[in-house]
Structures are given as structure tokens and as C-alpha cells.
Amino acid sequence: MAHLLRLELTKFKLGRNIAIAIGAIIFSILFITVSLVDSMTDPEQTKDTFESTFLVIGLLMSFIFLVYSSVLTSRLLIGEYNQKTITILFSYPLNRKLLIASKLVLIVIYTGISMLAGYICCCGYIIAVDRTFNMLGGSFHLSLLRTWIPMAVSCIVVCMILSLWPFITGMIRKSVPVTIVTSLLVIVLRQVLITRNVSNRESLAQVILIAVVTAVFLGIIFKKKILELY
């Protein structure tokens with residue numbers, strides 16, 4: 001498995017994807033800045049609070065990196081099946097299921113690390129700009145971290161799991177559009193789910209349920225669709 005991960009890492013183009021993650025985080029910071037400036041300068045609006053801005057950060061991280069994980073899935077996996085180029089890889093004496101699994105592991109890890117970096121940078125940014133320019137309503141205190149950290153961890157874990165769903169649905173039809181659309185549907189369904197909770201995040205039971213359901217369907221795909229080339 002380690003050998004396959006190193007092999008796939010060369011195809012993953014890590015430098016390029018790190019640059020894209022950095023660009024996405026910079027975009028998120030600019031988006032947050034525009035929102036804060038607008039709420040601060042418009043006399044008809046109240047200032048954004050730390051709580052509301054943190055929720056926006058969570059929405060941005062999940063939207064950007066779930067969609068991009070589906071792009072990676074379509075490029076590294078579904079596209080190869082769709083264009084039949086996967087047959088070249090399958091001609092080598094490699095475990096085919098481990099080969100696909102190594103690709104998925106890279107995508108899931110990339111999603112988690114990118115989201116973690118995004119949370120750290122964006123949260124650090126709003127704390128810094130509030131101290132400098134007083135752009136948010138209220139003041140930052142360490143007790144907020146008791147809420148932020150569990151919410152961020154929950155969001156990252158759930159999004160890492162949900163990043164597998166574009167692969168699951170995409171493999172059914174070997175379709176790139178289905179892969180991308182699935183990520184958008186997953187984002188919408190997740191937002192509907194968490195807005196029903198007072199904590200604005202998934203409960204432990206919900207996280208476990210999502211993981212179990214994902215594992216079951218992933219197992220079905222690996223059993224019935226991985227070796228299906230046409």
C-alpha cells in the first residue's frame with residue numbers, strides 16, 4: 001500500500017494541489033474581508049460576530065474542498081474509467097483494488113489537511129483583524145475555542161467521509177458530471193442536516209451513521225464496480 005501511495009503521489013501533482021489549496025484559502029479570506037467591511041461600514045447592518053463568521057468559514061471550507069475533492073476524483077479515477085485509460089494501469093501486476101484505494105486515500109487526506117489549514121488561517125485572520133481594526137461585534141475570548149475546535153473537527157471528519165461519495169456515485173455510471181453534481185448535493189444535504197441541530201454540527205451518532213453508510217456503499221462499489229471496465 002505504501003508503494004502504491006508513493007506511486008500515486010507522483011501523479012497527484014502535490015505541488016500544484018498545494019498551490020490550489022493556498023489559493024482557495026486566500027479566496028476565503030478575501031470573501032470574509034468583504035463581508036466584514038460591508039457589515040462594518042453599512043449603518044443599516046450590525047457587525048458580524050465571531051460566531052456567525054466562524055459558521056461562514058465552515059461553509060466555505062466544506063463547499064470549496066468538497067467540490068474540489070470531486071474534481072480530483074473525476075480526474076484521478078472516474079475520468080480514467082470513462083476514457084478506458086484505467087485498463088493500462090490494470091495491465092500491470094498490481095492489486096487493482098489497492099490501486100484505487102490508494103487514490104482515494106490521497107484525496108481524503110488532501111481534503112482533511114486542506115480544510116484544517118483553511119480553518120487555522122481563516123480563524124487566525126478574523127482574530128487578528130478584529131484586534132487591529134475592531135471589525136467584528138463582541139470580542140474574542142479563549143472560551144470560544146471550546147466551541148470552535150469541536151465544530152471544526154466534526155466538519156473536517158464529516159467532509160473527509162463525504163468526499164468519498166462522488167466516487168461512489170460516479171462509479172455507478174462512470175460519469176464525471178455525476179461525480180461533480182454529487183458533491184454539490186452532499187453539501188446541500190449536510191447544510192440541511194446541521195441547521196436542524198442547535199450546535200450547528202453533526203452529533204456523534206450522526207457522524208457514526210454517515211461513516212457506516214459510506215463504508216457499506218464503498219464496500220459494494222469495491223466488490224462490484226472496481227473491476228468493471230465497460
# chains A, B, ... in the order shown; residues from 1 in each chain; ligands from 1

$ residues_around --residues "Val153 (chain A)" --least-positions-apart "6" --cutoff "10 Å" --atoms "only C-alpha atoms" --output "list of chain:residue names"
A:Gly112, A:Met115, A:Leu116, A:Tyr119, A:Cys159, A:Arg201

$ select_by_dssp --residues "region 8-186 of chain A" --states "helix (DSSP H, G or I)" --output "number ranges by chain"
A: 8-12, 14-41, 50-82, 86-90, 96-133, 144-162, 165-173, 176-186

$ closest_residue --among "A:Val37, A:Ala21, A:Leu227, A:Val216" --to "Ile113 (chain A)" --atoms "only C-alpha atoms"
A:Ala21

$ residues_around --residues "region 46-53 of chain A" --least-positions-apart "5" --cutoff "9 Å" --atoms "only C-alpha atoms" --output "PyMOL selection string"
chain A and resi 32+35-41+58+123+126-127+135-140+144+148

$ atom_distance --atom1 "CA of Val181 (chain A)" --atom2 "CA of Pro166 (chain A)"
8.0 Å

$ residues_around --residues "Phe222 (chain A)" --least-positions-apart "2" --cutoff "12 Å" --atoms "only C-alpha atoms" --output "list in words"
Arg96, Lys97, Leu98, Leu99, Ile100, Ala101, Leu104, Phe167, Ile168, Met171, Ile172, Ala215, Val216, Phe217, Leu218, Gly219, Ile220, Lys224, Lys225, Ile226, Leu227 and Glu228 of chain A

$ closest_atom_pairs --of "region 165-223 of chain A" --to "region 62-80 of chain A" --cutoff "10 Å" --atoms "only C-alpha atoms" --output "tab-separated table"
residue	atom	partner	partner_atom	distance
A:Trp165	CA	A:Ser70	CA	8.6
A:Pro166	CA	A:Ser70	CA	5.7
A:Phe167	CA	A:Thr73	CA	6.2
A:Ile168	CA	A:Ile78	CA	9.9
A:Thr169	CA	A:Ile78	CA	9.9
A:Gly170	CA	A:Ile78	CA	6.4
A:Met171	CA	A:Ile78	CA	6.5
A:Ile172	CA	A:Ile78	CA	9.8
A:Arg173	CA	A:Ile78	CA	9.2
A:Lys174	CA	A:Ile78	CA	5.8
A:Ser175	CA	A:Ile78	CA	6.5
A:Val176	CA	A:Ser74	CA	5.4
A:Pro177	CA	A:Ser74	CA	8.4
A:Val178	CA	A:Ser74	CA	9.3
A:Thr179	CA	A:Ser70	CA	6.1
A:Ile180	CA	A:Ser70	CA	5.5
A:Val181	CA	A:Ser70	CA	8.7
A:Thr182	CA	A:Ser70	CA	8.1
A:Ser183	CA	A:Val67	CA	5.5
A:Leu184	CA	A:Val67	CA	6.8
A:Val186	CA	A:Leu66	CA	8.6
A:Ile187	CA	A:Phe63	CA	6.4
A:Val188	CA	A:Phe63	CA	9.2
A:Arg190	CA	A:Ser62	CA	9.5
A:Gln191	CA	A:Ser62	CA	9.8

$ closest_residue --among "A:Arg16, A:Asp42, A:Leu59, A:Leu106" --to "Val192 (chain A)" --atoms "only C-alpha atoms"
A:Leu59

$ atom_distance --atom1 "CA of Met151 (chain A)" --atom2 "CA of Ser203 (chain A)"
10.0 Å

$ closest_residue --among "A:Leu14, A:Leu60, A:Leu55, A:Leu162" --to "Phe27 (chain A)" --atoms "only C-alpha atoms"
A:Leu60

$ atom_distance --atom1 "CA of Val207 (chain A)" --atom2 "CA of Val158 (chain A)"
6.5 Å
